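Asks: This is the content of protein13.cif (mmCIF, C-alpha atoms and all ligand atoms):
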```cif
data_query
#
loop_
_atom_site.label_atom_id
_atom_site.label_comp_id
_atom_site.auth_asym_id
_atom_site.auth_seq_id
_atom_site.Cartn_x
_atom_site.Cartn_y
_atom_site.Cartn_z
CA MET A 1 -143.53 48.41 26.38
CA GLU A 2 -141.91 45.64 28.37
CA HIS A 3 -141.19 42.52 26.36
CA ARG A 4 -143.15 39.46 27.38
CA GLY A 5 -143.79 36.02 25.95
CA VAL A 6 -140.79 34.36 24.36
CA GLU A 7 -138.49 36.96 25.85
CA SER A 8 -139.90 36.50 29.33
CA GLY A 9 -139.87 32.73 29.10
CA ILE A 10 -143.60 32.07 28.88
CA ASP A 11 -144.20 28.72 27.15
CA VAL A 12 -147.97 28.71 26.81
CA ALA A 13 -150.45 31.60 26.82
CA CYS A 14 -154.00 30.55 27.63
CA PHE A 15 -156.52 32.99 26.20
CA GLY A 16 -160.19 33.18 27.12
CA GLU A 17 -162.52 32.65 30.02
CA LEU A 18 -161.36 33.41 33.55
CA LEU A 19 -164.24 32.69 35.89
CA TRP A 20 -165.32 31.53 39.29
CA ASP A 21 -167.23 28.27 39.33
CA PHE A 22 -169.60 27.73 42.23
CA TYR A 23 -170.07 24.05 43.08
CA GLU A 24 -172.79 22.68 45.31
CA ALA A 25 -171.05 22.24 48.66
CA GLU A 26 -173.68 20.00 50.27
CA SER A 27 -176.06 17.32 49.17
CA LYS A 28 -179.56 18.40 48.27
CA GLY A 29 -180.80 16.51 51.33
CA ASP A 30 -184.33 15.25 50.94
CA GLY A 31 -184.31 16.51 47.35
CA LYS A 32 -187.14 19.00 47.87
CA GLU A 33 -185.03 21.80 46.45
CA PRO A 34 -183.51 21.49 42.99
CA ILE A 35 -180.21 23.06 43.99
CA ALA A 36 -178.07 23.27 47.13
CA ARG A 37 -178.00 26.30 49.43
CA GLN A 38 -174.26 26.29 50.00
CA PHE A 39 -171.64 26.60 47.28
CA ARG A 40 -167.87 26.34 47.07
CA ARG A 41 -165.91 28.79 44.93
CA GLU A 42 -163.32 27.26 42.57
CA LEU A 43 -161.25 28.88 39.87
CA GLY A 44 -162.74 28.08 36.49
CA GLY A 45 -162.88 28.86 32.82
CA ALA A 46 -160.94 26.68 30.42
CA SER A 47 -157.98 29.03 30.08
CA ALA A 48 -157.56 29.35 33.86
CA ASN A 49 -157.76 25.58 34.26
CA VAL A 50 -155.11 24.88 31.64
CA ALA A 51 -152.79 27.68 32.83
CA VAL A 52 -152.96 26.46 36.45
CA THR A 53 -152.34 22.83 35.51
CA LEU A 54 -149.36 23.76 33.33
CA ALA A 55 -147.87 25.84 36.14
CA ARG A 56 -148.28 22.90 38.55
CA LEU A 57 -146.34 20.79 36.03
CA GLY A 58 -143.52 23.32 35.92
CA VAL A 59 -144.42 24.76 32.51
CA LYS A 60 -144.40 28.57 32.33
CA SER A 61 -147.95 29.63 31.60
CA ALA A 62 -149.81 32.90 31.26
CA ALA A 63 -153.52 33.65 31.41
CA ILE A 64 -154.95 36.25 29.05
CA GLY A 65 -158.52 37.42 29.55
CA GLY A 66 -160.88 39.88 31.15
CA VAL A 67 -161.93 39.91 34.79
CA GLY A 68 -163.98 42.48 36.65
CA ASN A 69 -162.72 45.45 38.55
CA ASP A 70 -164.32 43.88 41.58
CA LYS A 71 -163.36 41.60 44.47
CA LEU A 72 -164.08 38.49 42.40
CA GLY A 73 -161.70 39.75 39.70
CA ALA A 74 -159.00 40.55 42.26
CA ALA A 75 -159.47 37.06 43.69
CA ILE A 76 -158.97 35.47 40.25
CA GLU A 77 -155.73 37.39 39.82
CA SER A 78 -154.44 36.42 43.22
CA ALA A 79 -155.46 32.76 42.82
CA LEU A 80 -153.63 32.56 39.47
CA THR A 81 -150.59 34.32 40.91
CA ALA A 82 -150.51 31.94 43.86
CA GLU A 83 -150.42 29.06 41.34
CA GLY A 84 -147.46 30.61 39.55
CA VAL A 85 -149.43 31.69 36.47
CA ASP A 86 -148.31 34.95 34.79
CA VAL A 87 -151.14 37.51 35.13
CA GLU A 88 -149.48 40.40 33.30
CA HIS A 89 -152.16 40.13 30.61
CA VAL A 90 -155.18 39.61 32.81
CA VAL A 91 -157.18 42.75 32.04
CA ARG A 92 -159.33 44.37 34.73
CA LEU A 93 -162.52 45.70 33.11
CA ALA A 94 -165.44 47.81 34.30
CA ALA A 95 -167.86 44.88 34.32
CA PRO A 96 -168.67 42.16 36.83
CA THR A 97 -166.49 39.04 36.87
CA GLY A 98 -168.11 36.07 35.11
CA ILE A 99 -169.42 33.29 37.34
CA THR A 100 -171.05 29.93 36.71
CA PHE A 101 -173.02 27.68 39.04
CA VAL A 102 -172.24 24.02 38.44
CA THR A 103 -174.53 21.17 39.47
CA HIS A 104 -174.06 17.45 38.88
CA SER A 105 -176.09 14.40 38.05
CA ALA A 106 -175.35 11.17 39.92
CA THR A 107 -172.99 10.10 37.10
CA GLY A 108 -170.86 13.25 37.35
CA ASP A 109 -172.34 15.02 34.35
CA ALA A 110 -172.29 18.73 34.99
CA SER A 111 -175.00 21.28 34.23
CA PHE A 112 -174.04 24.90 34.12
CA ILE A 113 -176.00 27.99 35.13
CA PRO A 114 -173.86 30.75 33.65
CA TYR A 115 -173.96 34.39 34.78
CA ARG A 116 -171.91 35.65 31.92
CA GLY A 117 -173.99 38.14 29.94
CA GLY A 118 -172.14 41.45 29.87
CA THR A 119 -169.52 40.10 32.25
CA ALA A 120 -165.81 40.88 32.01
CA ASP A 121 -164.93 37.55 30.38
CA GLN A 122 -167.13 38.58 27.44
CA LYS A 123 -166.12 42.24 27.36
CA LEU A 124 -162.53 42.01 26.24
CA GLY A 125 -162.23 44.41 23.29
CA GLU A 126 -159.80 44.93 20.45
CA GLY A 127 -158.22 47.82 22.40
CA ASP A 128 -157.35 45.50 25.28
CA ILE A 129 -155.09 43.32 23.12
CA THR A 130 -151.40 44.16 22.73
CA ALA A 131 -148.72 42.69 20.46
CA ALA A 132 -146.97 41.38 23.58
CA MET A 133 -149.92 39.06 24.25
CA GLY A 134 -149.16 37.10 21.07
CA LYS A 135 -145.53 36.33 21.84
CA ALA A 136 -145.67 33.00 23.62
CA PRO A 137 -144.51 30.00 21.53
CA PHE A 138 -147.90 28.33 22.11
CA THR A 139 -151.23 30.13 22.42
CA LEU A 140 -154.40 28.26 23.37
CA VAL A 141 -157.80 29.57 22.21
CA SER A 142 -161.27 27.98 22.33
CA SER A 143 -164.32 28.45 20.13
CA THR A 144 -166.21 30.52 22.71
CA SER A 145 -163.66 33.32 22.25
CA MET A 146 -165.08 33.69 18.72
CA MET A 147 -168.48 34.84 20.04
CA ALA A 148 -169.51 38.30 18.79
CA SER A 149 -168.70 40.02 22.11
CA THR A 150 -165.00 39.06 22.07
CA ARG A 151 -164.46 38.27 18.39
CA ALA A 152 -162.57 41.49 17.56
CA ALA A 153 -160.22 40.94 20.51
CA THR A 154 -159.67 37.32 19.50
CA GLU A 155 -158.94 38.26 15.87
CA LYS A 156 -156.39 40.81 17.06
CA LEU A 157 -154.75 38.25 19.31
CA LEU A 158 -154.62 35.69 16.47
CA ALA A 159 -152.95 38.29 14.23
CA ALA A 160 -150.41 39.02 17.00
CA VAL A 161 -149.66 35.29 17.37
CA GLU A 162 -149.20 34.94 13.60
CA LYS A 163 -146.94 37.98 13.46
CA ALA A 164 -144.77 36.54 16.24
CA LYS A 165 -144.76 33.14 14.45
CA GLY A 166 -146.38 31.48 17.44
CA THR A 167 -148.25 28.19 17.29
CA LEU A 168 -152.03 28.36 17.67
CA ILE A 169 -153.64 25.52 19.59
CA VAL A 170 -157.43 25.28 19.51
CA ASP A 171 -159.45 23.34 22.05
CA LEU A 172 -162.88 23.38 20.43
CA ASN A 173 -164.75 23.29 23.76
CA VAL A 174 -168.03 23.98 21.98
CA ARG A 175 -170.57 25.51 24.36
CA ALA A 176 -173.58 25.77 22.06
CA HIS A 177 -175.81 27.15 24.87
CA LEU A 178 -173.72 30.33 24.99
CA TRP A 179 -174.28 31.14 21.31
CA PRO A 180 -177.41 32.92 20.08
CA ASP A 181 -177.23 31.12 16.74
CA SER A 182 -175.76 27.71 15.92
CA ASP A 183 -174.89 28.57 12.29
CA GLU A 184 -172.84 31.49 13.58
CA MET A 185 -171.17 29.15 16.09
CA ARG A 186 -170.24 26.74 13.29
CA SER A 187 -168.88 29.36 10.90
CA ALA A 188 -166.90 31.18 13.61
CA THR A 189 -165.38 27.87 14.75
CA LYS A 190 -164.36 27.03 11.17
CA ALA A 191 -162.65 30.42 10.86
CA LEU A 192 -160.71 29.69 14.06
CA VAL A 193 -159.51 26.16 13.26
CA ALA A 194 -158.38 27.25 9.78
CA ARG A 195 -155.57 29.14 11.55
CA ALA A 196 -154.58 26.42 14.04
CA ALA A 197 -151.62 24.04 14.03
CA LEU A 198 -153.34 21.73 16.53
CA VAL A 199 -157.07 21.21 17.00
CA LYS A 200 -158.40 19.20 19.94
CA GLY A 201 -162.01 18.24 20.36
CA SER A 202 -164.17 15.83 22.31
CA GLU A 203 -166.80 13.60 20.77
CA ARG A 204 -169.39 16.08 22.07
CA ASP A 205 -167.59 18.94 20.32
CA PHE A 206 -167.66 17.16 16.96
CA ASN A 207 -171.28 16.13 17.43
CA ALA A 208 -172.22 19.77 18.02
CA LEU A 209 -170.27 20.92 14.98
CA ALA A 210 -170.81 18.20 12.42
CA GLY A 211 -172.95 15.36 13.78
CA LYS A 212 -171.07 12.10 13.25
CA ARG A 213 -168.87 13.58 10.53
CA GLY A 214 -166.11 14.78 12.88
CA MET A 215 -163.22 13.52 10.78
CA SER A 216 -164.50 14.94 7.52
CA TRP A 217 -165.23 18.24 9.29
CA LEU A 218 -161.56 18.38 10.30
CA GLU A 219 -160.48 17.34 6.82
CA GLU A 220 -162.51 20.20 5.34
CA ASN A 221 -161.68 22.90 7.85
CA ALA A 222 -158.33 22.15 9.48
CA LYS A 223 -156.50 20.19 6.84
CA GLN A 224 -153.03 21.43 7.78
CA ALA A 225 -153.41 20.89 11.54
CA THR A 226 -152.68 17.96 13.82
CA TRP A 227 -155.98 16.66 15.24
CA ILE A 228 -156.62 15.33 18.71
CA LEU A 229 -159.89 13.54 19.39
CA THR A 230 -160.89 12.59 22.92
CA ARG A 231 -163.69 10.18 23.71
CA GLY A 232 -164.07 10.54 27.48
CA GLU A 233 -163.37 7.18 29.10
CA ASN A 234 -163.01 5.54 25.67
CA GLY A 235 -159.54 6.73 24.68
CA ALA A 236 -158.04 9.39 22.46
CA ALA A 237 -156.32 9.67 19.10
CA ALA A 238 -153.87 12.07 17.47
CA VAL A 239 -153.76 12.35 13.68
CA GLY A 240 -151.27 14.50 11.78
CA ALA A 241 -147.90 14.69 10.07
CA HIS A 242 -146.77 11.85 12.39
CA GLY A 243 -149.50 9.53 11.11
CA GLN A 244 -151.85 8.25 13.75
CA ALA A 245 -151.32 7.62 17.47
CA THR A 246 -153.85 6.35 19.97
CA ALA A 247 -153.98 5.83 23.72
CA PRO A 248 -156.66 4.12 25.79
CA THR A 249 -158.10 5.83 28.86
CA LYS A 250 -157.50 4.27 32.26
CA ARG A 251 -161.08 4.56 33.43
CA VAL A 252 -161.85 6.06 36.84
CA ARG A 253 -165.13 6.79 38.59
CA CYS A 254 -166.21 10.17 37.31
CA ILE A 255 -167.23 12.57 40.11
CA ASP A 256 -167.19 15.77 38.05
CA ARG A 257 -166.59 15.70 34.33
CA SER A 258 -165.79 19.43 34.12
CA GLY A 259 -162.12 20.18 33.66
CA GLY A 260 -161.27 16.73 32.23
CA GLY A 261 -160.59 18.12 28.78
CA ASP A 262 -158.64 21.09 30.16
CA ALA A 263 -156.41 18.81 32.24
CA PHE A 264 -155.89 16.60 29.20
CA VAL A 265 -154.86 19.62 27.08
CA ALA A 266 -152.44 20.79 29.77
CA GLY A 267 -150.78 17.37 29.83
CA LEU A 268 -150.55 17.25 26.05
CA LEU A 269 -149.06 20.75 25.87
CA ALA A 270 -146.60 20.03 28.68
CA VAL A 271 -145.20 17.10 26.68
CA LEU A 272 -144.90 19.24 23.53
CA VAL A 273 -143.18 22.07 25.44
CA LYS A 274 -140.75 19.79 27.26
CA ALA A 275 -139.84 18.04 24.00
CA GLY A 276 -139.33 21.36 22.20
CA ALA A 277 -141.86 20.27 19.55
CA LYS A 278 -143.14 22.74 17.00
CA PRO A 279 -144.99 22.39 13.71
CA GLY A 280 -142.64 21.41 10.90
CA GLY A 281 -139.96 20.20 13.34
CA ALA A 282 -138.78 16.60 13.69
CA GLU A 283 -140.44 16.10 17.10
CA TRP A 284 -143.83 17.17 15.70
CA LYS A 285 -143.61 14.29 13.23
CA ASP A 286 -142.68 11.70 15.87
CA ALA A 287 -145.60 9.36 16.52
CA LYS A 288 -144.05 8.25 19.85
CA LEU A 289 -144.16 11.81 21.12
CA TRP A 290 -147.89 12.06 20.34
CA THR A 291 -148.59 8.73 22.04
CA ARG A 292 -146.84 10.02 25.16
CA ALA A 293 -148.72 13.33 24.89
CA LEU A 294 -152.03 11.45 24.85
CA GLU A 295 -150.95 9.26 27.77
CA VAL A 296 -149.91 12.22 29.91
CA GLY A 297 -153.16 13.95 28.91
CA HIS A 298 -155.09 10.92 30.15
CA LEU A 299 -153.17 10.78 33.46
CA LEU A 300 -154.25 14.35 34.17
CA GLY A 301 -157.75 13.98 32.70
CA ALA A 302 -158.42 11.03 35.01
CA LYS A 303 -157.24 12.94 38.07
CA ALA A 304 -159.41 15.93 37.12
CA VAL A 305 -162.67 14.00 36.69
CA ALA A 306 -162.15 12.03 39.91
CA ALA A 307 -162.65 15.15 42.07
CA LEU A 308 -165.16 17.99 42.31
CA GLY A 309 -163.73 21.16 40.75
CA ALA A 310 -161.78 21.51 37.52
CA THR A 311 -158.30 21.49 39.07
CA THR A 312 -159.03 20.20 42.59
CA GLY A 313 -157.84 16.67 41.79
CA LEU A 314 -154.68 17.86 40.09
CA THR A 315 -152.32 17.60 43.02
CA ARG A 316 -149.61 15.04 43.74
CA LEU A 317 -148.41 15.17 40.16
CA ASP A 318 -145.09 13.34 40.65
CA ASP A 319 -146.13 10.44 38.41
CA VAL A 320 -147.02 12.90 35.65
CA LYS A 321 -143.83 14.91 36.12
CA SER A 322 -141.69 11.81 35.81
CA ARG A 323 -143.41 11.01 32.50
CA LEU A 324 -142.58 14.56 31.40
CA SER A 325 -138.90 14.30 32.20
CA ALA A 326 -138.88 10.92 30.40
CA SER A 327 -140.11 12.78 27.33
CA LYS A 328 -137.06 15.05 27.42
CA LYS A 329 -134.87 12.04 26.74
CA GLY A 330 -137.18 11.00 23.89
N1 LIG B 1 -164.27 8.26 33.35
C1 LIG B 1 -163.06 8.70 33.01
N2 LIG B 1 -161.95 8.02 33.44
C2 LIG B 1 -160.72 8.45 33.15
N3 LIG B 1 -160.48 9.55 32.42
C3 LIG B 1 -161.51 10.27 31.95
C4 LIG B 1 -162.85 9.88 32.20
N4 LIG B 1 -163.67 10.79 31.62
C5 LIG B 1 -162.87 11.70 31.01
N5 LIG B 1 -161.58 11.39 31.21
C6 LIG B 1 -160.39 12.13 30.73
O1 LIG B 1 -160.79 13.44 30.30
C7 LIG B 1 -160.44 13.60 28.91
C8 LIG B 1 -161.43 14.50 28.23
O2 LIG B 1 -162.72 13.97 28.29
P1 LIG B 1 -163.79 14.23 27.15
O3 LIG B 1 -163.42 13.47 25.93
O4 LIG B 1 -165.12 13.98 27.75
O5 LIG B 1 -163.58 15.74 26.74
P2 LIG B 1 -163.99 17.15 27.42
O6 LIG B 1 -163.15 18.16 26.75
O7 LIG B 1 -163.92 17.05 28.89
O8 LIG B 1 -165.46 17.31 26.97
P3 LIG B 1 -166.34 18.62 26.74
O9 LIG B 1 -165.42 19.81 26.66
O10 LIG B 1 -167.06 18.33 25.45
O11 LIG B 1 -167.25 18.68 27.90
C9 LIG B 1 -160.39 12.19 28.37
O12 LIG B 1 -159.61 12.12 27.19
C10 LIG B 1 -159.77 11.44 29.53
O13 LIG B 1 -158.38 11.64 29.57
MG MG B 2 -163.52 20.12 26.27
#
```
Let's see the structure in the file written out as structure tokens.
Replies:
Amino acid sequence: MEHRGVESGIDVACFGELLWDFYEAESKGDGKEPIARQFRRELGGASANVAVTLARLGVKSAAIGGVGNDKLGAAIESALTAEGVDVEHVVRLAAPTGITFVTHSATGDASFIPYRGGTADQKLGEGDITAAMGKAPFTLVSSTSMMASTRAATEKLLAAVEKAKGTLIVDLNVRAHLWPDSDEMRSATKALVARAALVKGSERDFNALAGKRGMSWLEENAKQATWILTRGENGAAAVGAHGQATAPTKRVRCIDRSGGGDAFVAGLLAVLVKAGAKPGGAEWKDAKLWTRALEVGHLLGAKAVAALGATTGLTRLDDVKSRLSASKKG
């Protein structure tokens, strides 16, 4: 087998959902119908969003996940390739590609109508995972990958990452509506974060997992990890071996909240990659690095929520890139 990952120069592997999001492409007019008639297709799924954003920042990213052996799957592969994302480990499966319809309230809050039962994003099996998939220095996984349908594949990937001494990053991204049972969602998420070196969650994530007890939930379940907490327009914090770092959000008008967290994670990871940070290393313990990681995360998060589509607003990234090269110098 060809060597990938570290050997091929991939910095971050993004594992999980690769989807098409369909956004309402027109206003609902007189409001007689609850949903628009015309839709715009945008690449979606958290792992696709992060991989694309990293590639746009000049970080070598790979997407790992299942797409259908259909035109929608082929289109995901070609869209990722066009963005410069490595698609070697995008697996074409005999199932339809997952899609989600996304509608918005006037304040930019998204509602999702997922068509994802039995779809390729949920069909990735243990047999589809290879050791090569675990070889990137950083691997990003979210809690939805722990659902029963993909759990065996996820466990095999986590074992591959551990064997290759990679760093596991978890973005909680709790999507309770996708789980048949919330107790199962909570226990599977605990099992995932126990293996992570970095756990990022939004206020909504922690509410879904532990009510208002977010910090003590992390203390109980991810004691050894660095924690990142985002609070939408109200700032973010990083807590870990470096102590505590915080950064306020520069508030923008939110058009579409979806993709904000993914953009933030991409910015954070880009800073860590460019600084050569890894758990146990000196950079990982540098509070200034984490402050910059939060700030770059916010720059991208703000751009993402200011436009319709998870990565649509993430263009003209020169300001972000100059912050990244500043981080090289320390
Ligand atoms: N109104 C806003 N103005 C500027 N930036 C924002 C705004 N809303 C969100 N962001 C950016 O998006 C980031 C993530 O937002 P949030 O904390 O809501 O998490 P999320 O991962 O998008 O949420 P979830 O996955 O639970 O839907 C914030 O940390 C911030 O950088
Ligand atoms: Mg999120």
Asks: As a ChimeraX atom specification, please: every protein or nucleic acid residue near ligand MG 2 (chain B) (cut-off 9 Å, counting all atoms listed in the file).
Replies: /A:46,171-174,200-202,204-205,230,258-262,264-265
Asks: So that I have them on file, write out the residues from the current selection with C-alpha atoms, as a PDB file, keeping the file's coordinate frame.
Replies:
```pdb
ATOM      1  CA  ALA A  46    -160.940  26.680  30.420  1.00  0.00           C
ATOM      2  CA  ASP A 171    -159.450  23.340  22.050  1.00  0.00           C
ATOM      3  CA  LEU A 172    -162.880  23.380  20.430  1.00  0.00           C
ATOM      4  CA  ASN A 173    -164.750  23.290  23.760  1.00  0.00           C
ATOM      5  CA  VAL A 174    -168.030  23.980  21.980  1.00  0.00           C
ATOM      6  CA  LYS A 200    -158.400  19.200  19.940  1.00  0.00           C
ATOM      7  CA  GLY A 201    -162.010  18.240  20.360  1.00  0.00           C
ATOM      8  CA  SER A 202    -164.170  15.830  22.310  1.00  0.00           C
ATOM      9  CA  ARG A 204    -169.390  16.080  22.070  1.00  0.00           C
ATOM     10  CA  ASP A 205    -167.590  18.940  20.320  1.00  0.00           C
ATOM     11  CA  THR A 230    -160.890  12.590  22.920  1.00  0.00           C
ATOM     12  CA  SER A 258    -165.790  19.430  34.120  1.00  0.00           C
ATOM     13  CA  GLY A 259    -162.120  20.180  33.660  1.00  0.00           C
ATOM     14  CA  GLY A 260    -161.270  16.730  32.230  1.00  0.00           C
ATOM     15  CA  GLY A 261    -160.590  18.120  28.780  1.00  0.00           C
ATOM     16  CA  ASP A 262    -158.640  21.090  30.160  1.00  0.00           C
ATOM     17  CA  PHE A 264    -155.890  16.600  29.200  1.00  0.00           C
ATOM     18  CA  VAL A 265    -154.860  19.620  27.080  1.00  0.00           C
TER      19      VAL A 265
END
```
Asks: For Asp286 of chain A, find every residue with an atom within 10 Å (counting only C-alpha atoms), except residues of its own chain fewer than 4 positions away, and show them as a ChimeraX atom specification.
Replies: /A:240-243,245,277,281-282,290-291,330
Asks: I'd like to know which of A:Gly108, A:Glu184, A:Asn221, A:Ala197 is closest to ligand LIG 1 (chain B), using only C-alpha atoms and all ligand atoms.
Replies: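 Result for the nearest residue to ligand LIG 1 (chain B): A:Gly108.
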Asks: For a cut-off of 10 Å around (-145.9, 20.3, 24.5), file coordinates, pick out all residues using all atoms listed in the file and list them as a PyMOL selection string.
Replies: chain A and resi 11-12+59+138+265-278+284+289-290+293+324+327
Asks: Go through A:Ser143, A:Gln244, A:Thr119, A:Thr312 one by one, measure the shortest atom-to-atom distance of each to ligand LIG 1 (chain B) using all atoms listed in the file, and give the residue with the smallest value.
Replies: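 That would be A:Ser143, the residue with the smallest distance to ligand LIG 1 (chain B).
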Asks: So which residues touch Ala94 of chain A within 10 Å, counting only C-alpha atoms, skipping near sequence neighbours fewer than 6 positions away, as a ChimeraX atom specification?
Replies: /A:66-70,119-120,123
